[in-house]
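To be precise, the following lines are input-v7.pdb, and they hold PDB, C-alpha atoms, pLDDT in the B column.
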ATOM      1  CA  MET F   1     -50.695 -35.571  19.189  1.00 51.00           C
ATOM      2  CA  SER F   2     -50.618 -33.397  16.125  1.00 55.00           C
ATOM      3  CA  GLU F   3     -53.439 -33.272  13.609  1.00 53.00           C
ATOM      4  CA  ALA F   4     -51.321 -35.533  11.373  1.00 56.00           C
ATOM      5  CA  GLY F   5     -51.313 -38.149  14.133  1.00 63.00           C
ATOM      6  CA  GLY F   6     -47.657 -37.836  15.131  1.00 72.00           C
ATOM      7  CA  PRO F   7     -46.378 -36.316  18.336  1.00 76.00           C
ATOM      8  CA  ALA F   8     -47.194 -32.621  18.642  1.00 82.00           C
ATOM      9  CA  PRO F   9     -44.147 -30.448  17.982  1.00 89.00           C
ATOM     10  CA  GLU F  10     -42.715 -28.635  20.985  1.00 93.00           C
ATOM     11  CA  PRO F  11     -43.782 -24.989  21.164  1.00 97.00           C
ATOM     12  CA  TRP F  12     -41.268 -22.244  20.486  1.00 98.00           C
ATOM     13  CA  VAL F  13     -41.304 -19.067  22.563  1.00 98.00           C
ATOM     14  CA  LEU F  14     -41.017 -15.827  20.586  1.00 98.00           C
ATOM     15  CA  ASP F  15     -38.756 -13.191  22.070  1.00 98.00           C
ATOM     16  CA  VAL F  16     -38.899  -9.411  21.747  1.00 98.00           C
ATOM     17  CA  SER F  17     -36.483  -9.323  18.796  1.00 98.00           C
ATOM     18  CA  VAL F  18     -38.889 -11.355  16.661  1.00 98.00           C
ATOM     19  CA  LEU F  19     -41.918  -9.346  17.747  1.00 98.00           C
ATOM     20  CA  VAL F  20     -40.148  -6.053  17.057  1.00 98.00           C
ATOM     21  CA  ALA F  21     -39.397  -7.326  13.547  1.00 98.00           C
ATOM     22  CA  ILE F  22     -43.098  -8.029  13.114  1.00 98.00           C
ATOM     23  CA  VAL F  23     -44.247  -4.601  14.318  1.00 97.00           C
ATOM     24  CA  ARG F  24     -41.628  -2.994  12.055  1.00 97.00           C
ATOM     25  CA  ALA F  25     -43.217  -4.866   9.136  1.00 97.00           C
ATOM     26  CA  ASP F  26     -40.140  -6.986   8.369  1.00 98.00           C
ATOM     27  CA  ALA F  27     -41.592  -8.907   5.432  1.00 98.00           C
ATOM     28  CA  ASP F  28     -39.168 -11.832   5.607  1.00 98.00           C
ATOM     29  CA  VAL F  29     -39.678 -12.504   9.311  1.00 98.00           C
ATOM     30  CA  THR F  30     -43.432 -12.087   8.901  1.00 98.00           C
ATOM     31  CA  ARG F  31     -43.413 -14.602   6.022  1.00 98.00           C
ATOM     32  CA  LEU F  32     -41.322 -16.989   8.127  1.00 98.00           C
ATOM     33  CA  LEU F  33     -43.806 -16.889  11.007  1.00 98.00           C
ATOM     34  CA  LEU F  34     -46.745 -17.400   8.654  1.00 98.00           C
ATOM     35  CA  ASN F  35     -44.907 -20.402   7.187  1.00 98.00           C
ATOM     36  CA  LEU F  36     -44.275 -21.828  10.660  1.00 97.00           C
ATOM     37  CA  ASP F  37     -47.943 -21.351  11.498  1.00 97.00           C
ATOM     38  CA  ALA F  38     -48.926 -23.089   8.266  1.00 96.00           C
ATOM     39  CA  GLN F  39     -46.740 -26.079   9.118  1.00 94.00           C
ATOM     40  CA  GLY F  40     -48.425 -26.321  12.534  1.00 95.00           C
ATOM     41  CA  GLN F  41     -45.488 -25.187  14.631  1.00 97.00           C
ATOM     42  CA  PRO F  42     -46.885 -24.016  18.000  1.00 97.00           C
ATOM     43  CA  LEU F  43     -45.649 -20.528  18.849  1.00 98.00           C
ATOM     44  CA  VAL F  44     -45.962 -18.931  22.288  1.00 98.00           C
ATOM     45  CA  ILE F  45     -45.854 -15.174  22.840  1.00 98.00           C
ATOM     46  CA  PRO F  46     -45.188 -14.018  26.414  1.00 97.00           C
ATOM     47  CA  VAL F  47     -47.493 -11.085  26.978  1.00 97.00           C
ATOM     48  CA  LEU F  48     -44.732  -8.838  28.353  1.00 97.00           C
ATOM     49  CA  ALA F  49     -42.724  -9.391  25.163  1.00 97.00           C
ATOM     50  CA  MET F  50     -45.785  -8.382  23.195  1.00 97.00           C
ATOM     51  CA  ALA F  51     -46.105  -5.221  25.307  1.00 97.00           C
ATOM     52  CA  ALA F  52     -42.430  -4.420  24.727  1.00 97.00           C
ATOM     53  CA  ALA F  53     -42.829  -4.749  20.963  1.00 97.00           C
ATOM     54  CA  SER F  54     -45.880  -2.507  21.049  1.00 96.00           C
ATOM     55  CA  ALA F  55     -43.954   0.027  23.143  1.00 96.00           C
ATOM     56  CA  ASP F  56     -41.076  -0.077  20.649  1.00 93.00           C
ATOM     57  CA  ALA F  57     -43.293   1.009  17.777  1.00 93.00           C
ATOM     58  CA  ARG F  58     -46.197   2.904  19.351  1.00 93.00           C
ATOM     59  CA  THR F  59     -48.176   2.910  16.137  1.00 95.00           C
ATOM     60  CA  GLU F  60     -51.625   1.620  15.278  1.00 95.00           C
ATOM     61  CA  ASP F  61     -50.122  -0.505  12.501  1.00 95.00           C
ATOM     62  CA  ALA F  62     -47.842  -2.189  15.017  1.00 95.00           C
ATOM     63  CA  ASP F  63     -50.719  -3.106  17.283  1.00 95.00           C
ATOM     64  CA  ILE F  64     -52.697  -4.400  14.299  1.00 97.00           C
ATOM     65  CA  ALA F  65     -49.725  -6.596  13.377  1.00 97.00           C
ATOM     66  CA  LEU F  66     -49.584  -8.000  16.920  1.00 97.00           C
ATOM     67  CA  ARG F  67     -53.327  -8.579  16.861  1.00 97.00           C
ATOM     68  CA  GLY F  68     -52.946 -10.440  13.576  1.00 97.00           C
ATOM     69  CA  LEU F  69     -50.147 -12.538  14.999  1.00 97.00           C
ATOM     70  CA  GLU F  70     -52.309 -13.463  17.979  1.00 97.00           C
ATOM     71  CA  GLN F  71     -55.026 -14.721  15.634  1.00 97.00           C
ATOM     72  CA  LEU F  72     -52.823 -17.287  13.894  1.00 97.00           C
ATOM     73  CA  ASP F  73     -53.928 -20.847  14.574  1.00 96.00           C
ATOM     74  CA  SER F  74     -50.629 -21.980  16.087  1.00 97.00           C
ATOM     75  CA  VAL F  75     -50.083 -18.937  18.284  1.00 97.00           C
ATOM     76  CA  LEU F  76     -50.825 -18.828  21.989  1.00 97.00           C
ATOM     77  CA  VAL F  77     -50.284 -15.774  24.210  1.00 97.00           C
ATOM     78  CA  ALA F  78     -48.766 -16.644  27.593  1.00 97.00           C
ATOM     79  CA  PRO F  79     -50.101 -14.369  30.324  1.00 95.00           C
ATOM     80  CA  LEU F  80     -48.410 -13.381  33.549  1.00 93.00           C
ATOM     81  CA  ARG F  81     -50.946 -15.047  35.770  1.00 93.00           C
ATOM     82  CA  ASP F  82     -50.283 -14.719  39.462  1.00 95.00           C
ATOM     83  CA  ALA F  83     -47.918 -13.805  42.283  1.00 96.00           C
ATOM     84  CA  GLU F  84     -45.973 -17.045  41.943  1.00 95.00           C
ATOM     85  CA  GLN F  85     -45.240 -16.410  38.277  1.00 94.00           C
ATOM     86  CA  ALA F  86     -44.388 -12.780  39.017  1.00 96.00           C
ATOM     87  CA  ALA F  87     -41.922 -13.835  41.714  1.00 96.00           C
ATOM     88  CA  ARG F  88     -40.327 -16.409  39.417  1.00 95.00           C
ATOM     89  CA  LEU F  89     -39.965 -13.817  36.673  1.00 96.00           C
ATOM     90  CA  ALA F  90     -38.328 -11.414  39.124  1.00 96.00           C
ATOM     91  CA  ALA F  91     -35.928 -14.124  40.321  1.00 96.00           C
ATOM     92  CA  ILE F  92     -34.852 -14.917  36.755  1.00 96.00           C
ATOM     93  CA  ALA F  93     -34.428 -11.214  35.971  1.00 96.00           C
ATOM     94  CA  ALA F  94     -32.219 -10.723  39.013  1.00 95.00           C
ATOM     95  CA  LYS F  95     -30.154 -13.847  38.519  1.00 94.00           C
ATOM     96  CA  ALA F  96     -29.470 -13.403  34.802  1.00 94.00           C
ATOM     97  CA  GLY F  97     -29.468  -9.616  34.669  1.00 94.00           C
ATOM     98  CA  LEU F  98     -32.397  -9.565  32.258  1.00 95.00           C
ATOM     99  CA  GLU F  99     -34.992  -6.911  31.593  1.00 95.00           C
ATOM    100  CA  GLN F 100     -38.412  -7.957  32.866  1.00 95.00           C
ATOM    101  CA  THR F 101     -39.694  -8.514  29.344  1.00 96.00           C
ATOM    102  CA  ASP F 102     -36.799 -10.857  28.525  1.00 97.00           C
ATOM    103  CA  ALA F 103     -37.189 -12.486  31.924  1.00 97.00           C
ATOM    104  CA  HIS F 104     -40.796 -13.323  31.053  1.00 97.00           C
ATOM    105  CA  VAL F 105     -39.613 -14.924  27.813  1.00 97.00           C
ATOM    106  CA  ALA F 106     -37.004 -16.913  29.744  1.00 97.00           C
ATOM    107  CA  ALA F 107     -39.497 -17.900  32.441  1.00 96.00           C
ATOM    108  CA  VAL F 108     -41.981 -19.231  29.885  1.00 96.00           C
ATOM    109  CA  ALA F 109     -39.240 -21.098  28.010  1.00 96.00           C
ATOM    110  CA  ILE F 110     -37.826 -22.648  31.174  1.00 95.00           C
ATOM    111  CA  ALA F 111     -41.226 -23.582  32.617  1.00 94.00           C
ATOM    112  CA  SER F 112     -42.242 -25.347  29.416  1.00 93.00           C
ATOM    113  CA  ALA F 113     -38.746 -26.639  28.504  1.00 93.00           C
ATOM    114  CA  CYS F 114     -39.118 -25.043  25.083  1.00 95.00           C
ATOM    115  CA  PRO F 115     -36.593 -23.134  22.979  1.00 97.00           C
ATOM    116  CA  ILE F 116     -36.716 -19.412  22.351  1.00 98.00           C
ATOM    117  CA  LEU F 117     -37.159 -18.333  18.735  1.00 98.00           C
ATOM    118  CA  THR F 118     -34.956 -15.280  18.350  1.00 98.00           C
ATOM    119  CA  LEU F 119     -33.016 -13.057  15.996  1.00 98.00           C
ATOM    120  CA  ASP F 120     -30.238 -12.773  18.581  1.00 96.00           C
ATOM    121  CA  ALA F 121     -29.179 -16.118  20.024  1.00 96.00           C
ATOM    122  CA  ALA F 122     -25.871 -14.676  21.217  1.00 94.00           C
ATOM    123  CA  LYS F 123     -27.671 -12.495  23.732  1.00 94.00           C
ATOM    124  CA  TRP F 124     -29.489 -15.480  25.191  1.00 95.00           C
ATOM    125  CA  ARG F 125     -26.309 -17.584  25.381  1.00 93.00           C
ATOM    126  CA  GLN F 126     -24.735 -14.794  27.370  1.00 90.00           C
ATOM    127  CA  HIS F 127     -27.517 -14.842  29.967  1.00 92.00           C
ATOM    128  CA  ALA F 128     -28.169 -18.593  29.964  1.00 91.00           C
ATOM    129  CA  ALA F 129     -24.924 -19.271  31.795  1.00 88.00           C
ATOM    130  CA  ASP F 130     -26.250 -17.400  34.831  1.00 90.00           C
ATOM    131  CA  LEU F 131     -29.351 -19.570  35.140  1.00 91.00           C
ATOM    132  CA  ASP F 132     -29.677 -22.940  36.825  1.00 88.00           C
ATOM    133  CA  GLU F 133     -32.023 -24.311  34.164  1.00 89.00           C
ATOM    134  CA  PRO F 134     -31.002 -24.708  30.525  1.00 89.00           C
ATOM    135  CA  LEU F 135     -32.115 -21.984  28.140  1.00 93.00           C
ATOM    136  CA  GLU F 136     -32.049 -23.012  24.501  1.00 95.00           C
ATOM    137  CA  THR F 137     -32.636 -21.031  21.348  1.00 97.00           C
ATOM    138  CA  ILE F 138     -33.558 -21.417  17.710  1.00 97.00           C
ATOM    139  CA  GLU F 139     -32.131 -18.527  15.774  1.00 97.00           C
ATOM    140  CA  ILE F 140     -33.723 -16.898  12.735  1.00 98.00           C
ATOM    141  CA  ASP F 141     -30.756 -16.410  10.485  1.00 94.00           C
ATOM    142  CA  GLU F 142     -29.421 -17.404   7.105  1.00 85.00           C
ATOM    143  CA  PRO F 143     -26.884 -20.235   7.052  1.00 77.00           C
ATOM    144  CA  HIS F 144     -23.462 -18.941   6.215  1.00 67.00           C
ATOM    145  CA  GLU F 145     -21.788 -20.185   3.072  1.00 54.00           C
ATOM    146  CA  VAL F 146     -18.747 -22.407   3.804  1.00 44.00           C
TER     147      VAL F 146
ATOM    148  CA  MET K   1     -74.711 -23.772  23.911  1.00 35.00           C
ATOM    149  CA  THR K   2     -72.065 -25.331  26.042  1.00 35.00           C
ATOM    150  CA  ARG K   3     -68.823 -26.590  24.647  1.00 37.00           C
ATOM    151  CA  PRO K   4     -66.107 -27.938  26.932  1.00 35.00           C
ATOM    152  CA  GLU K   5     -62.822 -26.083  26.810  1.00 35.00           C
ATOM    153  CA  THR K   6     -60.005 -28.145  25.359  1.00 36.00           C
ATOM    154  CA  PRO K   7     -56.990 -27.756  27.627  1.00 36.00           C
ATOM    155  CA  GLY K   8     -53.866 -26.041  26.564  1.00 41.00           C
ATOM    156  CA  ARG K   9     -52.498 -26.446  23.091  1.00 39.00           C
ATOM    157  CA  ALA K  10     -52.057 -23.638  20.677  1.00 40.00           C
ATOM    158  CA  SER K  11     -52.896 -25.666  17.589  1.00 38.00           C
ATOM    159  CA  ARG K  12     -56.370 -26.312  18.968  1.00 34.00           C
ATOM    160  CA  LEU K  13     -57.019 -22.595  19.143  1.00 33.00           C
ATOM    161  CA  GLY K  14     -57.344 -22.665  15.405  1.00 37.00           C
ATOM    162  CA  GLU K  15     -60.488 -24.746  15.469  1.00 40.00           C
ATOM    163  CA  HIS K  16     -62.556 -21.651  16.209  1.00 39.00           C
ATOM    164  CA  HIS K  17     -61.127 -19.671  13.306  1.00 44.00           C
ATOM    165  CA  LYS K  18     -61.265 -22.525  10.845  1.00 45.00           C
ATOM    166  CA  SER K  19     -64.901 -23.318  11.611  1.00 47.00           C
ATOM    167  CA  TYR K  20     -66.083 -19.731  11.352  1.00 55.00           C
ATOM    168  CA  ASP K  21     -68.071 -19.158   8.202  1.00 54.00           C
ATOM    169  CA  PRO K  22     -69.712 -15.766   7.638  1.00 56.00           C
ATOM    170  CA  GLY K  23     -72.185 -17.523   5.351  1.00 53.00           C
ATOM    171  CA  MET K  24     -73.733 -19.185   8.374  1.00 53.00           C
ATOM    172  CA  SER K  25     -74.872 -15.883   9.854  1.00 58.00           C
ATOM    173  CA  ASP K  26     -78.424 -16.109   8.467  1.00 69.00           C
ATOM    174  CA  ARG K  27     -79.225 -19.057  10.694  1.00 81.00           C
ATOM    175  CA  LYS K  28     -79.145 -17.914  14.297  1.00 88.00           C
ATOM    176  CA  VAL K  29     -77.898 -20.244  17.006  1.00 91.00           C
ATOM    177  CA  ARG K  30     -79.237 -20.088  20.541  1.00 92.00           C
ATOM    178  CA  LEU K  31     -76.561 -19.918  23.205  1.00 89.00           C
ATOM    179  CA  THR K  32     -76.301 -18.957  26.848  1.00 93.00           C
ATOM    180  CA  ILE K  33     -73.545 -16.518  27.751  1.00 92.00           C
ATOM    181  CA  THR K  34     -72.462 -14.704  30.899  1.00 96.00           C
ATOM    182  CA  VAL K  35     -71.534 -11.035  30.592  1.00 95.00           C
ATOM    183  CA  ASP K  36     -70.487  -8.211  32.874  1.00 97.00           C
ATOM    184  CA  PRO K  37     -73.485  -6.422  34.456  1.00 97.00           C
ATOM    185  CA  HIS K  38     -72.578  -3.015  33.042  1.00 98.00           C
ATOM    186  CA  LEU K  39     -72.416  -4.452  29.512  1.00 97.00           C
ATOM    187  CA  SER K  40     -75.775  -6.119  29.956  1.00 97.00           C
ATOM    188  CA  ALA K  41     -77.227  -2.835  31.219  1.00 98.00           C
ATOM    189  CA  TYR K  42     -75.722  -0.987  28.256  1.00 98.00           C
ATOM    190  CA  ALA K  43     -77.197  -3.472  25.792  1.00 98.00           C
ATOM    191  CA  GLU K  44     -80.629  -3.114  27.387  1.00 97.00           C
ATOM    192  CA  GLN K  45     -80.298   0.669  27.286  1.00 98.00           C
ATOM    193  CA  LEU K  46     -79.587   0.518  23.544  1.00 98.00           C
ATOM    194  CA  VAL K  47     -82.746  -1.514  23.063  1.00 97.00           C
ATOM    195  CA  GLU K  48     -84.875   0.740  25.282  1.00 98.00           C
ATOM    196  CA  THR K  49     -83.746   3.841  23.408  1.00 98.00           C
ATOM    197  CA  GLY K  50     -84.424   2.242  20.058  1.00 97.00           C
ATOM    198  CA  LYS K  51     -80.781   2.114  18.982  1.00 97.00           C
ATOM    199  CA  ALA K  52     -80.789  -1.668  18.692  1.00 97.00           C
ATOM    200  CA  PRO K  53     -83.599  -4.129  17.940  1.00 97.00           C
ATOM    201  CA  SER K  54     -82.643  -6.569  20.691  1.00 97.00           C
ATOM    202  CA  VAL K  55     -80.005  -7.427  23.259  1.00 96.00           C
ATOM    203  CA  SER K  56     -79.033 -10.355  21.064  1.00 95.00           C
ATOM    204  CA  ALA K  57     -78.459  -7.999  18.157  1.00 96.00           C
ATOM    205  CA  VAL K  58     -76.159  -5.845  20.274  1.00 97.00           C
ATOM    206  CA  PHE K  59     -73.925  -8.782  21.182  1.00 96.00           C
ATOM    207  CA  ASN K  60     -74.127 -10.185  17.663  1.00 96.00           C
ATOM    208  CA  ASP K  61     -72.965  -6.855  16.230  1.00 97.00           C
ATOM    209  CA  ALA K  62     -70.164  -6.571  18.783  1.00 97.00           C
ATOM    210  CA  LEU K  63     -68.846 -10.030  17.976  1.00 96.00           C
ATOM    211  CA  SER K  64     -69.171  -9.392  14.255  1.00 97.00           C
ATOM    212  CA  GLU K  65     -67.016  -6.303  14.686  1.00 97.00           C
ATOM    213  CA  LYS K  66     -64.386  -8.266  16.611  1.00 97.00           C
ATOM    214  CA  ALA K  67     -64.346 -10.945  13.914  1.00 97.00           C
ATOM    215  CA  ARG K  68     -63.939  -8.260  11.255  1.00 97.00           C
ATOM    216  CA  ARG K  69     -61.024  -6.623  13.090  1.00 97.00           C
ATOM    217  CA  ASP K  70     -59.328  -9.971  13.709  1.00 97.00           C
ATOM    218  CA  ARG K  71     -59.581 -10.942  10.053  1.00 97.00           C
ATOM    219  CA  ALA K  72     -58.332  -7.519   8.953  1.00 97.00           C
ATOM    220  CA  ALA K  73     -55.309  -7.868  11.249  1.00 98.00           C
ATOM    221  CA  VAL K  74     -54.390 -11.256   9.771  1.00 98.00           C
ATOM    222  CA  ASP K  75     -54.889  -9.844   6.273  1.00 97.00           C
ATOM    223  CA  ARG K  76     -52.462  -7.036   7.146  1.00 96.00           C
ATOM    224  CA  LEU K  77     -49.832  -9.598   8.182  1.00 97.00           C
ATOM    225  CA  LYS K  78     -50.326 -11.450   4.902  1.00 98.00           C
ATOM    226  CA  GLU K  79     -49.934  -8.210   2.955  1.00 98.00           C
ATOM    227  CA  THR K  80     -46.624  -7.576   4.706  1.00 98.00           C
ATOM    228  CA  ALA K  81     -45.487 -11.160   4.097  1.00 98.00           C
ATOM    229  CA  ALA K  82     -46.295 -10.820   0.406  1.00 98.00           C
ATOM    230  CA  GLN K  83     -43.370  -8.380   0.137  1.00 98.00           C
ATOM    231  CA  ALA K  84     -40.886 -10.996   1.383  1.00 98.00           C
ATOM    232  CA  ASP K  85     -37.896 -12.286  -0.533  1.00 97.00           C
ATOM    233  CA  PRO K  86     -38.923 -15.929  -1.122  1.00 97.00           C
ATOM    234  CA  GLU K  87     -35.361 -17.210  -1.493  1.00 96.00           C
ATOM    235  CA  ARG K  88     -34.171 -15.554   1.696  1.00 96.00           C
ATOM    236  CA  VAL K  89     -37.202 -16.817   3.603  1.00 97.00           C
ATOM    237  CA  ALA K  90     -36.543 -20.323   2.274  1.00 96.00           C
ATOM    238  CA  ARG K  91     -32.962 -20.162   3.558  1.00 96.00           C
ATOM    239  CA  MET K  92     -34.183 -18.895   6.941  1.00 97.00           C
ATOM    240  CA  MET K  93     -36.822 -21.636   7.124  1.00 97.00           C
ATOM    241  CA  ALA K  94     -34.239 -24.280   6.291  1.00 96.00           C
ATOM    242  CA  HIS K  95     -31.927 -22.963   9.000  1.00 96.00           C
ATOM    243  CA  VAL K  96     -34.703 -22.851  11.608  1.00 97.00           C
ATOM    244  CA  ASN K  97     -35.967 -26.316  10.715  1.00 94.00           C
ATOM    245  CA  ALA K  98     -32.415 -27.712  10.791  1.00 94.00           C
ATOM    246  CA  GLN K  99     -31.994 -26.424  14.344  1.00 95.00           C
ATOM    247  CA  ALA K 100     -35.329 -27.965  15.332  1.00 94.00           C
ATOM    248  CA  THR K 101     -34.337 -31.298  13.799  1.00 93.00           C
ATOM    249  CA  ALA K 102     -31.029 -31.231  15.663  1.00 92.00           C
ATOM    250  CA  ARG K 103     -32.916 -30.638  18.931  1.00 88.00           C
ATOM    251  CA  ARG K 104     -35.143 -33.652  18.319  1.00 84.00           C
ATOM    252  CA  LYS K 105     -32.096 -35.856  17.755  1.00 83.00           C
ATOM    253  CA  ASN K 106     -30.442 -34.743  21.013  1.00 78.00           C
TER     254      ASN K 106
END
So, in terms of structure tokens, how does the structure I just supplied come out?
Amino acid sequence: MSEAGGPAPEPWVLDVSVLVAIVRADADVTRLLLNLDAQGQPLVIPVLAMAAASADARTEDADIALRGLEQLDSVLVAPLRDAEQAARLAAIAAKAGLEQTDAHVAAVAIASACPILTLDAAKWRQHAADLDEPLETIEIDEPHEV
Amino acid sequence: MTRPETPGRASRLGEHHKSYDPGMSDRKVRLTITVDPHLSAYAEQLVETGKAPSVSAVFNDALSEKARRDRAAVDRLKETAAQADPERVARMMAHVNAQATARRKN
């Protein structure tokens, strides 16, 4: 149950594209995540995705941004816990042709039946077809004018 | 002080942050903690050499520093977010929330 008494919203799993936007100080994406946190939307960060974002920037400011993200009330970091999880990640990487960081994102999303919050849904659609389990996304984008 | 861990959910993680009040620091709370042996030895060494008044003070200072760094990191995020384009963010939020609503209906 949520604090408001209704059913708790399903968590969303952040992928590397979103985390890279954060470490690159993308103000709009940062504001969006703070808004989601304020509305109580649970957000899960796979630890390998966090490492990939840190590796992308390699600056102290980037690591401070990731640390700040981790502190938000609605954010939970998903570790890579044991041999079973490692083997599952490797299987997903091999089957869908994903990098290990993306495979961790996919593994967390599949295990928890939660969507991936991403800036690049097309990439995930491309790989989802190779997996047995559904892989769904919520894309950060602006709606196109009709 | 023992407090049972609440299983799982991210939103519950916030309870710790929300209940933290620096103004409470004058009134010490007794608690029992378990630490790595080398950290315990280091804390005792600081006391023995006069660099800290007590083992409790060492751990209190360490946790205060972590709290300070955590708050500074969140403040940095908020500073970045303050530069956002509110109208663009509103459009992005609407799009994200519309996708979430569509998922709930399916």
Residues in the ChimeraX specification (/K :<9) & /F, expressed as an NGL selection string: :F and (2-3 or 11 or 22 or 25-32 or 34-37 or 40-44 or 61 or 63-77 or 117 or 137-143)
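Atom CA of F:Leu14 is positioned 17.3 Å from atom CA of F:Ile92.
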Residue nearest F:Ala62 among F:Met50, F:Ala78, F:Gly6, F:Ala86 (counting all atoms listed in the file): F:Met50
Nearby residues (all atoms listed in the file) at most 9 Å from K:Ala43, same-chain spacing under 4 positions excluded, as a PyMOL selection string: chain K and resi 38-39+47-48+52+54-59
For the residues in that selection, give me C-alpha atoms as a compact mmCIF listing (two decimals), in the coordinates of the input.
# COMPACT_ATOMS: atom_id res chain seq x y z
CA HIS K 38 -72.58 -3.02 33.04
CA LEU K 39 -72.42 -4.45 29.51
CA VAL K 47 -82.75 -1.51 23.06
CA GLU K 48 -84.88 0.74 25.28
CA ALA K 52 -80.79 -1.67 18.69
CA SER K 54 -82.64 -6.57 20.69
CA VAL K 55 -80.00 -7.43 23.26
CA SER K 56 -79.03 -10.36 21.06
CA ALA K 57 -78.46 -8.00 18.16
CA VAL K 58 -76.16 -5.84 20.27
CA PHE K 59 -73.92 -8.78 21.18
With distances taken over all atoms listed in the file, which residue among F:Leu48, F:Ala87, F:Leu98, F:Ala8 lies nearest F:His127? F:Leu98
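Pairwise distance (atom CA of F:Gln126, atom CA of F:Asp102) equals 12.7 Å.
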Six-sided padding of 8 Å per side, axis-aligned box over stretch 75-79 of chain F, centre and edges in Å, one decimal, as lines of an AutoDock Vina configuration file:
center_x = -49.8
center_y = -16.7
center_z = 24.3
size_x = 18.1
size_y = 20.6
size_z = 28.0
One-decimal distance in Å that lies between atom CA of F:Ser17 and atom CA of F:Leu119: 5.8 Å
Taking 4 positions as the minimum chain separation for residues in the same chain, which residues sit within 12 Å of F:Glu133 when counting all atoms listed in the file? Answer as a list in words.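 The neighbour list is Ile92, Lys95, Ala96, Ala106, Ala107, Val108, Ala109, Ile110, Ala111, Ser112, Ala113, Cys114, His127, Ala128 and Ala129 of chain F.
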Atoms kept (C-alpha atoms) for selection, written as a PDB file, keeping the file's coordinate frame:
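Output contents, as saved in again12.pdb:
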ATOM      1  CA  ILE F  92     -34.852 -14.917  36.755  1.00 96.00           C
ATOM      2  CA  LYS F  95     -30.154 -13.847  38.519  1.00 94.00           C
ATOM      3  CA  ALA F  96     -29.470 -13.403  34.802  1.00 94.00           C
ATOM      4  CA  ALA F 106     -37.004 -16.913  29.744  1.00 97.00           C
ATOM      5  CA  ALA F 107     -39.497 -17.900  32.441  1.00 96.00           C
ATOM      6  CA  VAL F 108     -41.981 -19.231  29.885  1.00 96.00           C
ATOM      7  CA  ALA F 109     -39.240 -21.098  28.010  1.00 96.00           C
ATOM      8  CA  ILE F 110     -37.826 -22.648  31.174  1.00 95.00           C
ATOM      9  CA  ALA F 111     -41.226 -23.582  32.617  1.00 94.00           C
ATOM     10  CA  SER F 112     -42.242 -25.347  29.416  1.00 93.00           C
ATOM     11  CA  ALA F 113     -38.746 -26.639  28.504  1.00 93.00           C
ATOM     12  CA  CYS F 114     -39.118 -25.043  25.083  1.00 95.00           C
ATOM     13  CA  HIS F 127     -27.517 -14.842  29.967  1.00 92.00           C
ATOM     14  CA  ALA F 128     -28.169 -18.593  29.964  1.00 91.00           C
ATOM     15  CA  ALA F 129     -24.924 -19.271  31.795  1.00 88.00           C
TER      16      ALA F 129
END
Suppose a student applies the PyMOL selection byres ((chain F and resi 56) around 12) to this structure; what residues should they get, written as a PyMOL selection string? chain F and resi 16-17+19-24+49-55+57-60+62-63
Expected file contents, prior selection, C-alpha atoms, as a PDB file, keeping the file's coordinate frame:
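So the final result, stored in again21.pdb, reads:
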ATOM      1  CA  VAL F  16     -38.899  -9.411  21.747  1.00 98.00           C
ATOM      2  CA  SER F  17     -36.483  -9.323  18.796  1.00 98.00           C
ATOM      3  CA  LEU F  19     -41.918  -9.346  17.747  1.00 98.00           C
ATOM      4  CA  VAL F  20     -40.148  -6.053  17.057  1.00 98.00           C
ATOM      5  CA  ALA F  21     -39.397  -7.326  13.547  1.00 98.00           C
ATOM      6  CA  ILE F  22     -43.098  -8.029  13.114  1.00 98.00           C
ATOM      7  CA  VAL F  23     -44.247  -4.601  14.318  1.00 97.00           C
ATOM      8  CA  ARG F  24     -41.628  -2.994  12.055  1.00 97.00           C
ATOM      9  CA  ALA F  49     -42.724  -9.391  25.163  1.00 97.00           C
ATOM     10  CA  MET F  50     -45.785  -8.382  23.195  1.00 97.00           C
ATOM     11  CA  ALA F  51     -46.105  -5.221  25.307  1.00 97.00           C
ATOM     12  CA  ALA F  52     -42.430  -4.420  24.727  1.00 97.00           C
ATOM     13  CA  ALA F  53     -42.829  -4.749  20.963  1.00 97.00           C
ATOM     14  CA  SER F  54     -45.880  -2.507  21.049  1.00 96.00           C
ATOM     15  CA  ALA F  55     -43.954   0.027  23.143  1.00 96.00           C
ATOM     16  CA  ALA F  57     -43.293   1.009  17.777  1.00 93.00           C
ATOM     17  CA  ARG F  58     -46.197   2.904  19.351  1.00 93.00           C
ATOM     18  CA  THR F  59     -48.176   2.910  16.137  1.00 95.00           C
ATOM     19  CA  GLU F  60     -51.625   1.620  15.278  1.00 95.00           C
ATOM     20  CA  ALA F  62     -47.842  -2.189  15.017  1.00 95.00           C
ATOM     21  CA  ASP F  63     -50.719  -3.106  17.283  1.00 95.00           C
TER      22      ASP F  63
END
